[in-house]
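Participant: So that you have it, the file is data_5.txt, and it contains compact mmCIF, C-alpha atoms and all ligand atoms:
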```txt
# COMPACT_ATOMS: atom_id res chain seq x y z
CA MET A 144 -14.41 12.57 16.27
CA ILE A 145 -14.86 9.86 13.60
CA ASP A 146 -11.54 9.54 11.80
CA ILE A 147 -11.69 8.01 8.33
CA ARG A 148 -8.72 9.91 6.87
CA SER A 149 -6.68 6.72 6.61
CA ASP A 150 -6.36 3.18 7.94
CA THR A 151 -3.04 4.34 9.41
CA VAL A 152 -4.82 6.13 12.30
CA THR A 153 -5.66 2.99 14.32
CA ARG A 154 -4.40 2.40 17.87
CA PRO A 155 -3.24 -0.99 19.13
CA SER A 156 -6.02 -3.05 20.70
CA LYS A 157 -5.72 -4.49 24.21
CA GLY A 158 -4.76 -7.90 22.79
CA MET A 159 -2.07 -6.31 20.64
CA TYR A 160 -0.65 -4.34 23.57
CA ASP A 161 -0.55 -7.52 25.66
CA ALA A 162 1.36 -9.30 22.90
CA MET A 163 3.82 -6.40 22.74
CA LEU A 164 4.35 -6.49 26.50
CA LYS A 165 5.08 -10.20 26.45
CA ALA A 166 7.48 -10.11 23.48
CA GLU A 167 10.89 -11.71 23.88
CA LEU A 168 13.46 -9.13 22.84
CA GLY A 169 17.06 -8.91 21.68
CA ASP A 170 19.21 -6.57 19.62
CA ASP A 171 18.03 -6.86 16.03
CA VAL A 172 21.08 -5.06 14.67
CA PHE A 173 22.95 -8.18 15.84
CA GLY A 174 20.14 -10.31 14.35
CA GLU A 175 19.30 -11.40 17.91
CA ASP A 176 15.70 -10.36 18.39
CA PRO A 177 13.76 -13.64 18.45
CA THR A 178 10.40 -11.94 17.80
CA VAL A 179 11.69 -10.06 14.75
CA ASN A 180 13.30 -13.26 13.49
CA LEU A 181 10.05 -15.17 13.91
CA LEU A 182 8.07 -12.44 12.12
CA GLN A 183 10.53 -12.40 9.23
CA GLU A 184 10.38 -16.20 8.91
CA LYS A 185 6.57 -16.09 8.93
CA CYS A 186 6.46 -13.36 6.28
CA ALA A 187 8.90 -15.23 4.05
CA ALA A 188 6.70 -18.35 4.33
CA LEU A 189 3.51 -16.37 3.77
CA THR A 190 4.82 -14.83 0.54
CA GLY A 191 6.78 -17.90 -0.60
CA LYS A 192 9.95 -15.81 -0.79
CA GLU A 193 13.36 -16.86 0.52
CA LYS A 194 13.72 -14.09 3.05
CA ALA A 195 11.97 -11.13 4.67
CA LEU A 196 13.16 -7.92 6.31
CA PHE A 197 11.19 -5.99 8.94
CA VAL A 198 11.34 -2.23 8.29
CA PRO A 199 9.81 0.80 9.98
CA THR A 200 7.64 2.05 7.09
CA GLY A 201 6.08 1.20 3.77
CA CYS A 202 8.09 3.98 2.17
CA MET A 203 11.33 2.45 3.41
CA ALA A 204 10.29 -0.98 2.11
CA ASN A 205 9.55 0.47 -1.34
CA GLN A 206 12.74 2.49 -1.46
CA LEU A 207 14.91 -0.44 -0.34
CA ALA A 208 13.32 -2.43 -3.16
CA VAL A 209 14.04 0.26 -5.74
CA LYS A 210 17.61 0.61 -4.45
CA SER A 211 18.27 -3.13 -4.38
CA HIS A 212 16.83 -3.83 -7.85
CA THR A 213 18.46 -0.94 -9.76
CA ASN A 214 21.69 0.90 -10.55
CA PRO A 215 22.11 4.69 -10.75
CA GLY A 216 21.01 5.95 -14.18
CA ASP A 217 18.36 3.26 -14.65
CA GLU A 218 14.72 3.94 -15.38
CA ILE A 219 11.82 2.37 -13.51
CA ILE A 220 8.20 2.13 -14.64
CA CYS A 221 5.34 3.04 -12.30
CA GLU A 222 1.66 3.73 -12.77
CA SER A 223 1.06 7.53 -12.79
CA GLU A 224 -0.83 7.54 -9.50
CA ALA A 225 1.49 5.13 -7.69
CA HIS A 226 2.48 5.87 -4.09
CA ILE A 227 6.15 5.41 -4.98
CA PHE A 228 5.90 8.24 -7.50
CA ASN A 229 3.51 10.60 -5.71
CA TYR A 230 4.07 10.33 -1.98
CA GLU A 231 7.67 9.32 -1.37
CA THR A 232 9.31 12.75 -1.80
CA ALA A 233 11.19 11.79 -4.98
CA ALA A 234 13.15 9.20 -3.00
CA PRO A 235 13.94 7.07 -6.10
CA ALA A 236 15.80 10.10 -7.51
CA VAL A 237 17.48 10.93 -4.21
CA ILE A 238 18.37 7.46 -2.93
CA SER A 239 18.65 5.31 -6.04
CA GLN A 240 19.44 7.95 -8.66
CA VAL A 241 16.90 6.46 -11.04
CA GLN A 242 14.29 8.24 -13.11
CA ILE A 243 10.66 7.22 -13.21
CA LYS A 244 8.65 6.68 -16.37
CA THR A 245 5.00 6.90 -15.38
CA ILE A 246 2.24 5.19 -17.34
CA PRO A 247 -1.40 6.16 -16.77
CA GLY A 248 -3.47 3.17 -15.72
CA ASP A 249 -7.13 2.25 -15.67
CA TYR A 250 -8.04 2.38 -11.98
CA GLY A 251 -4.42 1.60 -11.16
CA GLU A 252 -3.93 -1.13 -13.76
CA MET A 253 -1.28 -0.47 -16.42
CA ASN A 254 -1.93 -1.96 -19.83
CA PRO A 255 0.96 -4.39 -20.56
CA GLU A 256 1.07 -3.09 -24.15
CA ASP A 257 1.68 0.45 -22.85
CA ILE A 258 4.47 -0.92 -20.67
CA ARG A 259 5.96 -2.78 -23.65
CA LYS A 260 6.12 0.46 -25.65
CA HIS A 261 8.02 2.18 -22.89
CA ILE A 262 10.65 -0.44 -22.19
CA ARG A 263 13.87 1.07 -23.50
CA THR A 264 15.85 -0.52 -26.29
CA MET A 265 19.62 -0.96 -26.08
CA GLU A 266 20.79 2.33 -27.71
CA TYR A 267 23.59 3.77 -25.61
CA TYR A 268 21.79 7.07 -25.02
CA PHE A 269 18.77 5.46 -23.37
CA PRO A 270 18.55 4.65 -19.69
CA LYS A 271 18.13 0.97 -18.87
CA THR A 272 14.61 -0.09 -17.83
CA SER A 273 15.35 -2.27 -14.83
CA LEU A 274 12.20 -2.34 -12.71
CA ILE A 275 8.41 -2.24 -12.96
CA CYS A 276 6.53 -1.28 -9.80
CA LEU A 277 2.95 -2.39 -9.20
CA GLU A 278 0.61 -1.35 -6.38
CA ASN A 279 -2.13 -3.66 -5.11
CA THR A 280 -4.50 -2.53 -3.77
CA HIS A 281 -4.03 0.79 -5.53
CA ASN A 282 -4.40 3.65 -3.09
CA ARG A 283 -5.05 6.71 -5.27
CA ALA A 284 -7.25 4.74 -7.65
CA GLY A 285 -9.52 4.06 -4.66
CA GLY A 286 -8.25 0.83 -3.09
CA THR A 287 -8.82 -0.99 -6.36
CA ILE A 288 -7.58 -4.53 -6.93
CA LEU A 289 -5.40 -5.27 -9.96
CA SER A 290 -6.59 -8.35 -11.83
CA ILE A 291 -4.51 -11.50 -11.64
CA ARG A 292 -4.52 -11.51 -15.47
CA ASN A 293 -2.79 -8.13 -15.39
CA PHE A 294 -0.16 -9.51 -12.99
CA LYS A 295 0.39 -12.53 -15.24
CA ASP A 296 0.70 -10.46 -18.42
CA ILE A 297 3.14 -8.02 -16.84
CA ASN A 298 5.09 -10.90 -15.32
CA ARG A 299 5.44 -12.56 -18.76
CA LEU A 300 6.58 -9.32 -20.36
CA ALA A 301 9.06 -8.56 -17.60
CA SER A 302 10.56 -12.07 -17.75
CA GLU A 303 10.95 -11.84 -21.55
CA ARG A 304 12.80 -8.53 -21.17
CA GLY A 305 14.85 -9.36 -18.05
CA ILE A 306 13.12 -6.70 -15.93
CA LYS A 307 12.36 -7.11 -12.24
CA ILE A 308 8.96 -6.41 -10.66
CA HIS A 309 8.37 -4.95 -7.22
CA LEU A 310 4.89 -5.05 -5.71
CA ASP A 311 3.94 -2.31 -3.26
CA GLY A 312 1.49 -4.50 -1.43
CA ALA A 313 0.92 -2.06 1.43
CA ARG A 314 -2.68 -3.36 1.45
CA ILE A 315 -2.17 -6.79 -0.14
CA PHE A 316 -4.35 -8.45 2.52
CA ASN A 317 -7.22 -6.24 1.40
CA ALA A 318 -6.66 -7.52 -2.14
CA MET A 319 -6.60 -11.09 -0.86
CA THR A 320 -9.80 -10.50 1.10
CA GLY A 321 -11.49 -9.03 -1.96
CA THR A 322 -10.54 -11.80 -4.38
CA GLY A 323 -9.67 -14.89 -2.36
CA ILE A 324 -6.32 -14.97 -4.19
CA SER A 325 -3.54 -15.74 -1.71
CA VAL A 326 -0.69 -13.37 -0.94
CA LYS A 327 1.61 -16.20 -2.05
CA GLU A 328 0.02 -16.27 -5.49
CA TYR A 329 0.38 -12.51 -5.95
CA ALA A 330 3.96 -12.74 -4.66
CA SER A 331 4.79 -15.58 -7.07
CA LEU A 332 4.25 -13.15 -9.96
CA VAL A 333 6.74 -10.52 -8.72
CA ASP A 334 10.38 -10.48 -7.63
CA SER A 335 9.79 -8.58 -4.41
CA ILE A 336 6.77 -7.66 -2.34
CA SER A 337 6.30 -5.29 0.57
CA PHE A 338 3.32 -4.97 2.85
CA CYS A 339 2.34 -2.85 5.82
CA PHE A 340 1.26 -3.85 9.31
CA SER A 341 0.40 -0.25 10.17
CA LYS A 342 -2.61 0.05 7.84
CA GLY A 343 -5.64 -2.26 7.84
CA LEU A 344 -3.83 -4.73 10.10
CA GLY A 345 -3.94 -2.18 12.92
CA CYS A 346 -0.31 -2.06 14.13
CA PRO A 347 1.32 1.15 15.37
CA VAL A 348 4.45 0.75 13.20
CA GLY A 349 5.99 -1.63 10.70
CA SER A 350 6.22 -3.04 7.21
CA VAL A 351 8.06 -5.93 5.64
CA LEU A 352 9.98 -6.50 2.41
CA CYS A 353 10.29 -10.02 0.96
CA GLY A 354 12.39 -11.44 -1.87
CA THR A 355 15.37 -13.64 -2.64
CA MET A 356 18.21 -14.12 -0.16
CA GLU A 357 20.54 -12.01 -2.28
CA PHE A 358 17.99 -9.20 -2.68
CA ILE A 359 17.24 -9.07 1.05
CA GLN A 360 20.97 -9.06 1.87
CA LYS A 361 21.31 -5.90 -0.24
CA ALA A 362 18.17 -4.36 1.27
CA HIS A 363 19.45 -5.16 4.78
CA LYS A 364 22.65 -3.25 4.12
CA TRP A 365 20.69 -0.31 2.69
CA ARG A 366 18.31 -0.32 5.64
CA LYS A 367 21.38 0.20 7.85
CA ILE A 368 22.79 2.93 5.59
CA LEU A 369 19.47 4.76 5.81
CA GLY A 370 19.48 4.52 9.61
CA GLY A 371 16.71 1.95 9.73
CA GLY A 372 18.50 -0.64 11.88
CA MET A 373 16.23 -1.08 14.89
CA ARG A 374 17.32 -2.58 18.21
CA GLN A 375 14.66 -4.26 20.43
CA ALA A 376 12.24 -4.10 17.53
CA GLY A 377 10.53 -7.28 18.77
CA VAL A 378 8.14 -5.04 20.66
CA LEU A 379 6.84 -3.94 17.23
CA ALA A 380 7.22 -7.33 15.58
CA ALA A 381 5.01 -8.80 18.33
CA ALA A 382 2.23 -6.42 17.27
CA ALA A 383 2.72 -7.54 13.66
CA LEU A 384 2.56 -11.23 14.62
CA TYR A 385 -0.60 -10.54 16.59
CA ALA A 386 -2.08 -8.77 13.55
CA LEU A 387 -1.29 -11.69 11.22
CA ASP A 388 -3.11 -14.02 13.60
CA ASN A 389 -6.07 -11.81 14.49
CA ASN A 390 -6.67 -8.94 12.09
CA ILE A 391 -6.79 -10.43 8.60
CA ASP A 392 -10.17 -12.17 8.64
CA ARG A 393 -11.87 -9.01 9.83
CA LEU A 394 -10.78 -6.93 6.80
CA LYS A 395 -13.99 -8.02 5.08
CA ASP A 396 -15.88 -5.90 7.62
CA ASP A 397 -13.93 -2.80 6.51
CA HIS A 398 -14.86 -3.56 2.90
CA LYS A 399 -18.54 -3.79 3.85
CA LYS A 400 -18.33 -0.43 5.65
CA ALA A 401 -16.71 1.19 2.61
CA LYS A 402 -19.34 -0.19 0.22
CA PHE A 403 -22.21 0.88 2.46
CA PHE A 404 -20.74 4.38 2.90
CA ALA A 405 -20.07 4.75 -0.84
CA LYS A 406 -23.60 3.72 -1.78
CA GLU A 407 -25.18 6.09 0.74
CA ILE A 408 -23.15 9.16 -0.17
CA SER A 409 -23.43 8.45 -3.92
CA GLU A 410 -27.08 9.47 -3.61
CA LEU A 411 -26.21 12.97 -2.38
CA ASP A 412 -26.47 15.92 -4.72
CA GLY A 413 -23.13 16.68 -6.40
CA ILE A 414 -21.21 13.65 -5.11
CA ASN A 415 -19.32 11.95 -7.87
CA ILE A 416 -18.27 8.38 -7.16
CA ASN A 417 -17.95 5.12 -9.07
CA ILE A 418 -19.37 2.64 -6.60
CA GLU A 419 -18.47 -0.27 -8.89
CA LYS A 420 -14.83 0.57 -8.19
CA VAL A 421 -15.10 0.42 -4.41
CA HIS A 422 -13.28 -2.91 -4.19
CA THR A 423 -11.89 -2.75 -0.65
CA ASN A 424 -11.67 -0.29 2.28
CA ILE A 425 -11.02 2.98 0.40
CA VAL A 426 -13.63 5.30 -1.08
CA ILE A 427 -12.51 8.03 -3.47
CA PHE A 428 -15.02 10.64 -4.54
CA SER A 429 -15.39 14.28 -5.53
CA SER A 430 -17.98 16.88 -4.73
CA GLY A 431 -19.41 19.25 -7.30
CA LYS A 432 -21.23 21.15 -4.57
CA PHE A 433 -18.33 22.25 -2.34
CA PRO A 434 -14.67 22.92 -3.08
CA LYS A 435 -12.68 20.08 -1.55
CA ASN A 436 -11.08 21.99 1.34
CA GLU A 437 -14.38 23.58 2.27
CA LEU A 438 -16.07 20.18 2.46
CA ILE A 439 -13.25 18.81 4.63
CA LYS A 440 -13.75 21.76 6.99
CA LEU A 441 -17.55 21.50 7.08
CA LEU A 442 -17.37 17.80 7.94
CA LYS A 443 -14.67 18.37 10.56
CA ASN A 444 -16.85 20.96 12.29
CA LYS A 445 -19.50 18.25 12.64
CA GLY A 446 -17.08 15.63 13.97
CA LEU A 447 -15.95 13.76 10.84
CA LEU A 448 -12.40 13.68 9.51
CA ILE A 449 -11.83 12.70 5.88
CA SER A 450 -8.71 13.26 3.78
CA SER A 451 -7.77 14.84 0.53
CA GLY A 452 -7.25 12.35 -2.30
CA SER A 453 -5.54 13.11 -5.60
CA TYR A 454 -6.47 16.30 -7.52
CA GLU A 455 -10.09 17.28 -6.78
CA ASN A 456 -10.74 13.95 -5.04
CA LEU A 457 -11.55 13.25 -1.42
CA ARG A 458 -10.85 10.03 0.39
CA ALA A 459 -12.49 8.00 3.16
CA VAL A 460 -10.76 4.90 4.49
CA PHE A 461 -12.39 2.27 6.71
CA HIS A 462 -10.52 0.44 9.43
CA LEU A 463 -10.81 -1.44 12.70
CA ASP A 464 -11.27 1.65 14.87
CA VAL A 465 -14.55 2.67 13.19
CA ASP A 466 -17.53 0.42 13.77
CA MET A 467 -20.80 0.24 11.84
CA GLN A 468 -22.40 2.80 14.15
CA ASP A 469 -19.59 5.25 13.30
CA VAL A 470 -20.29 4.61 9.62
CA TYR A 471 -24.02 5.36 10.08
CA ASN A 472 -23.01 8.53 11.94
CA ALA A 473 -20.54 9.50 9.18
CA VAL A 474 -23.30 9.11 6.58
CA GLY A 475 -25.61 11.19 8.79
CA ILE A 476 -23.01 13.96 8.98
CA PHE A 477 -22.66 13.92 5.19
CA LYS A 478 -26.44 14.13 4.76
CA SER A 479 -26.63 17.07 7.16
CA VAL A 480 -23.97 18.95 5.16
CA PHE A 481 -25.57 18.17 1.79
CA VAL A 482 -29.15 19.19 2.72
N1 LIG A 501 -0.20 5.65 2.43
C1 LIG A 501 -0.70 6.72 3.28
C2 LIG A 501 -0.31 8.08 2.72
O1 LIG A 501 1.04 8.12 2.47
C3 LIG A 501 -1.04 8.46 1.49
C4 LIG A 501 -2.20 6.59 3.41
O2 LIG A 501 -2.75 7.28 4.29
O3 LIG A 501 -2.81 5.82 2.65
N2 LIG A 501 2.34 2.29 -0.27
C5 LIG A 501 1.03 2.61 -0.25
C6 LIG A 501 0.14 2.04 -1.30
C7 LIG A 501 0.52 3.44 0.76
O4 LIG A 501 -0.77 3.76 0.74
C8 LIG A 501 1.40 3.94 1.74
C9 LIG A 501 0.91 4.90 2.80
C10 LIG A 501 2.74 3.57 1.68
C11 LIG A 501 3.19 2.75 0.65
C12 LIG A 501 3.76 4.10 2.67
O5 LIG A 501 3.59 3.58 3.94
P1 LIG A 501 4.23 4.33 5.21
O6 LIG A 501 3.29 5.46 5.54
O7 LIG A 501 4.29 3.28 6.25
O8 LIG A 501 5.57 4.80 4.81
```
Could you render the structure as structure tokens?
Ligand code: TLP
Facilitator:
Amino acid sequence: MIDIRSDTVTRPSKGMYDAMLKAELGDDVFGEDPTVNLLQEKCAALTGKEKALFVPTGCMANQLAVKSHTNPGDEIICESEAHIFNYETAAPAVISQVQIKTIPGDYGEMNPEDIRKHIRTMEYYFPKTSLICLENTHNRAGGTILSIRNFKDINRLASERGIKIHLDGARIFNAMTGTGISVKEYASLVDSISFCFSKGLGCPVGSVLCGTMEFIQKAHKWRKILGGGMRQAGVLAAAALYALDNNIDRLKDDHKKAKFFAKEISELDGININIEKVHTNIVIFSSGKFPKNELIKLLKNKGLLISSGSYENLRAVFHLDVDMQDVYNAVGIFKSVFV
């Protein structure tokens, strides 16, 4: 089976397993796991933030950020297709008791003027706008990269209005690979940033949240409240350290696979895809020829797993466990279904 449902489906490589086996461990709830501590120091340095916190999932990282930046009754601004709004089971309402104002973007990018219009004024009956959340790369928009100009404009607006910015950088290394802009530069334009080890970087588990000392102290407490205190988590942090050293440079190969795949399937009858917007490892498309669930089934019967994207869209995601031969085979399977 060729599995391009997500870049979350990868298994640890031999080198990663070896690193996990060799990890020095301690109890991280006591702050005594040397491998977790090293990973957190590295991530803080990498993002230029004061401190970092290792967490089990990208969802937890995002939700700790929302919780630590806001008070109950606040409003936060997200792009309409953001992961935080669509795929995190209304956690901002449940955990942080905030409401979300969504703003439709252009391939994930919110227009700063639209944001400006939606920042609440001081009337007592309005909620307080306390946080803007960005997502780079943007998953549901198709792994698109937000422009650095957009970051700068939103950063200027947020600073003028005393609003914090959190960046869901689950795939920030894909953005860096696509643009050459460092993670540190992206991070310098936001108050907090999270990223995932369990996506393109190929780890089995793990994400990290970075920000100021004070912010991470709050997030640390909330991680414990949510039951996310992990003990000998160095076994997972070792995988993450291995990934930082070995699996970033190769992301460019995943982008090549995605572009090749997108170009090939764009030529099939009824496939609707904007190949200009395939910036990284995700390909979003729709099919006029088959209803989405039928196409998923037809491809699965021939040995190819793809996932459902938003609305009528389908999604293919390229990662380190599919090689170029798998991509040729995936294209072949598509062609055989679309004859
Ligand atoms: N994304 C998953 C699904 O939840 C859709 C995927 O297969 O792409 N932020 C972004 C931008 C994400 O894409 C994801 C996961 C997360 C956060 C959450 O990460 P986890 O799954 O570790 O909680």
Participant: Around ligand LIG 501 (chain A), out to 8 Å and counting all atoms listed in the file, which residues are there? I want them as a VMD selection string.
Facilitator: chain A and resid 148 to 151 199 to 205 225 to 227 230 to 231 278 to 283 311 to 314 338 to 339 341 to 342 348 to 350
Participant: Go ahead and write the selection's residues with C-alpha atoms as an mmCIF file, keeping the file's coordinate frame.
Facilitator:
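The resulting again15.cif:
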```cif
data_model
loop_
_atom_site.group_PDB
_atom_site.id
_atom_site.type_symbol
_atom_site.label_atom_id
_atom_site.label_comp_id
_atom_site.auth_asym_id
_atom_site.auth_seq_id
_atom_site.Cartn_x
_atom_site.Cartn_y
_atom_site.Cartn_z
ATOM 1 C CA ARG A 148 -8.720 9.910 6.870
ATOM 2 C CA SER A 149 -6.680 6.720 6.610
ATOM 3 C CA ASP A 150 -6.360 3.180 7.940
ATOM 4 C CA THR A 151 -3.040 4.340 9.410
ATOM 5 C CA PRO A 199 9.810 0.800 9.980
ATOM 6 C CA THR A 200 7.640 2.050 7.090
ATOM 7 C CA GLY A 201 6.080 1.200 3.770
ATOM 8 C CA CYS A 202 8.090 3.980 2.170
ATOM 9 C CA MET A 203 11.330 2.450 3.410
ATOM 10 C CA ALA A 204 10.290 -0.980 2.110
ATOM 11 C CA ASN A 205 9.550 0.470 -1.340
ATOM 12 C CA ALA A 225 1.490 5.130 -7.690
ATOM 13 C CA HIS A 226 2.480 5.870 -4.090
ATOM 14 C CA ILE A 227 6.150 5.410 -4.980
ATOM 15 C CA TYR A 230 4.070 10.330 -1.980
ATOM 16 C CA GLU A 231 7.670 9.320 -1.370
ATOM 17 C CA GLU A 278 0.610 -1.350 -6.380
ATOM 18 C CA ASN A 279 -2.130 -3.660 -5.110
ATOM 19 C CA THR A 280 -4.500 -2.530 -3.770
ATOM 20 C CA HIS A 281 -4.030 0.790 -5.530
ATOM 21 C CA ASN A 282 -4.400 3.650 -3.090
ATOM 22 C CA ARG A 283 -5.050 6.710 -5.270
ATOM 23 C CA ASP A 311 3.940 -2.310 -3.260
ATOM 24 C CA GLY A 312 1.490 -4.500 -1.430
ATOM 25 C CA ALA A 313 0.920 -2.060 1.430
ATOM 26 C CA ARG A 314 -2.680 -3.360 1.450
ATOM 27 C CA PHE A 338 3.320 -4.970 2.850
ATOM 28 C CA CYS A 339 2.340 -2.850 5.820
ATOM 29 C CA SER A 341 0.400 -0.250 10.170
ATOM 30 C CA LYS A 342 -2.610 0.050 7.840
ATOM 31 C CA VAL A 348 4.450 0.750 13.200
ATOM 32 C CA GLY A 349 5.990 -1.630 10.700
ATOM 33 C CA SER A 350 6.220 -3.040 7.210
#
```
Participant: Quote the spacing between CA of Ile427 (chain A) and CA of Leu457 (chain A) in Å to one decimal place.
Facilitator: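 Taking CA of Ile427 (chain A) and CA of Leu457 (chain A), their separation equals 5.7 Å.
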Participant: Compile the contact shell of Lys157 (chain A) as number ranges by chain: residues with an atom at most 12 Å away, counting all atoms listed in the file, same-chain residues fewer than 3 positions apart removed.
Facilitator: A: 154, 160-164, 345-346, 382, 385
Participant: Could you save the residues just selected, with C-alpha atoms, as an mmCIF file, in the coordinates of the input?
Facilitator:
```cif
data_model
loop_
_atom_site.group_PDB
_atom_site.id
_atom_site.type_symbol
_atom_site.label_atom_id
_atom_site.label_comp_id
_atom_site.auth_asym_id
_atom_site.auth_seq_id
_atom_site.Cartn_x
_atom_site.Cartn_y
_atom_site.Cartn_z
ATOM 1 C CA ARG A 154 -4.400 2.400 17.870
ATOM 2 C CA TYR A 160 -0.650 -4.340 23.570
ATOM 3 C CA ASP A 161 -0.550 -7.520 25.660
ATOM 4 C CA ALA A 162 1.360 -9.300 22.900
ATOM 5 C CA MET A 163 3.820 -6.400 22.740
ATOM 6 C CA LEU A 164 4.350 -6.490 26.500
ATOM 7 C CA GLY A 345 -3.940 -2.180 12.920
ATOM 8 C CA CYS A 346 -0.310 -2.060 14.130
ATOM 9 C CA ALA A 382 2.230 -6.420 17.270
ATOM 10 C CA TYR A 385 -0.600 -10.540 16.590
#
```
Participant: Quote the spacing between CA of Thr355 (chain A) and CA of Ile336 (chain A) in Å to one decimal place.
Facilitator: 10.5 Å
Participant: Considering only C-alpha atoms, return as number ranges by chain whatever protein or nucleic-acid residues lie within 10 Å of Ser335 (chain A), sequence-local ones (same chain, fewer than 6 positions apart) excluded.
Facilitator: A: 190, 192, 195, 205, 208-209, 212, 276, 307-312, 352-355, 358-359
Participant: For Ala459 (chain A), which residue out of A:Gly285, A:Pro247, A:Gly169, A:Gly413 is the nearest one, using all atoms listed in the file?
Facilitator: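 Nearest to Ala459 (chain A): A:Gly285.
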Participant: For each of A:Ala401, A:Ile368, A:Val326, A:Met265, take the minimum atom-to-atom distance to Ile418 (chain A), counting all atoms listed in the file, then give the residue where this is smallest.
Facilitator: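 That would be A:Ala401, the residue with the smallest distance to Ile418 (chain A).
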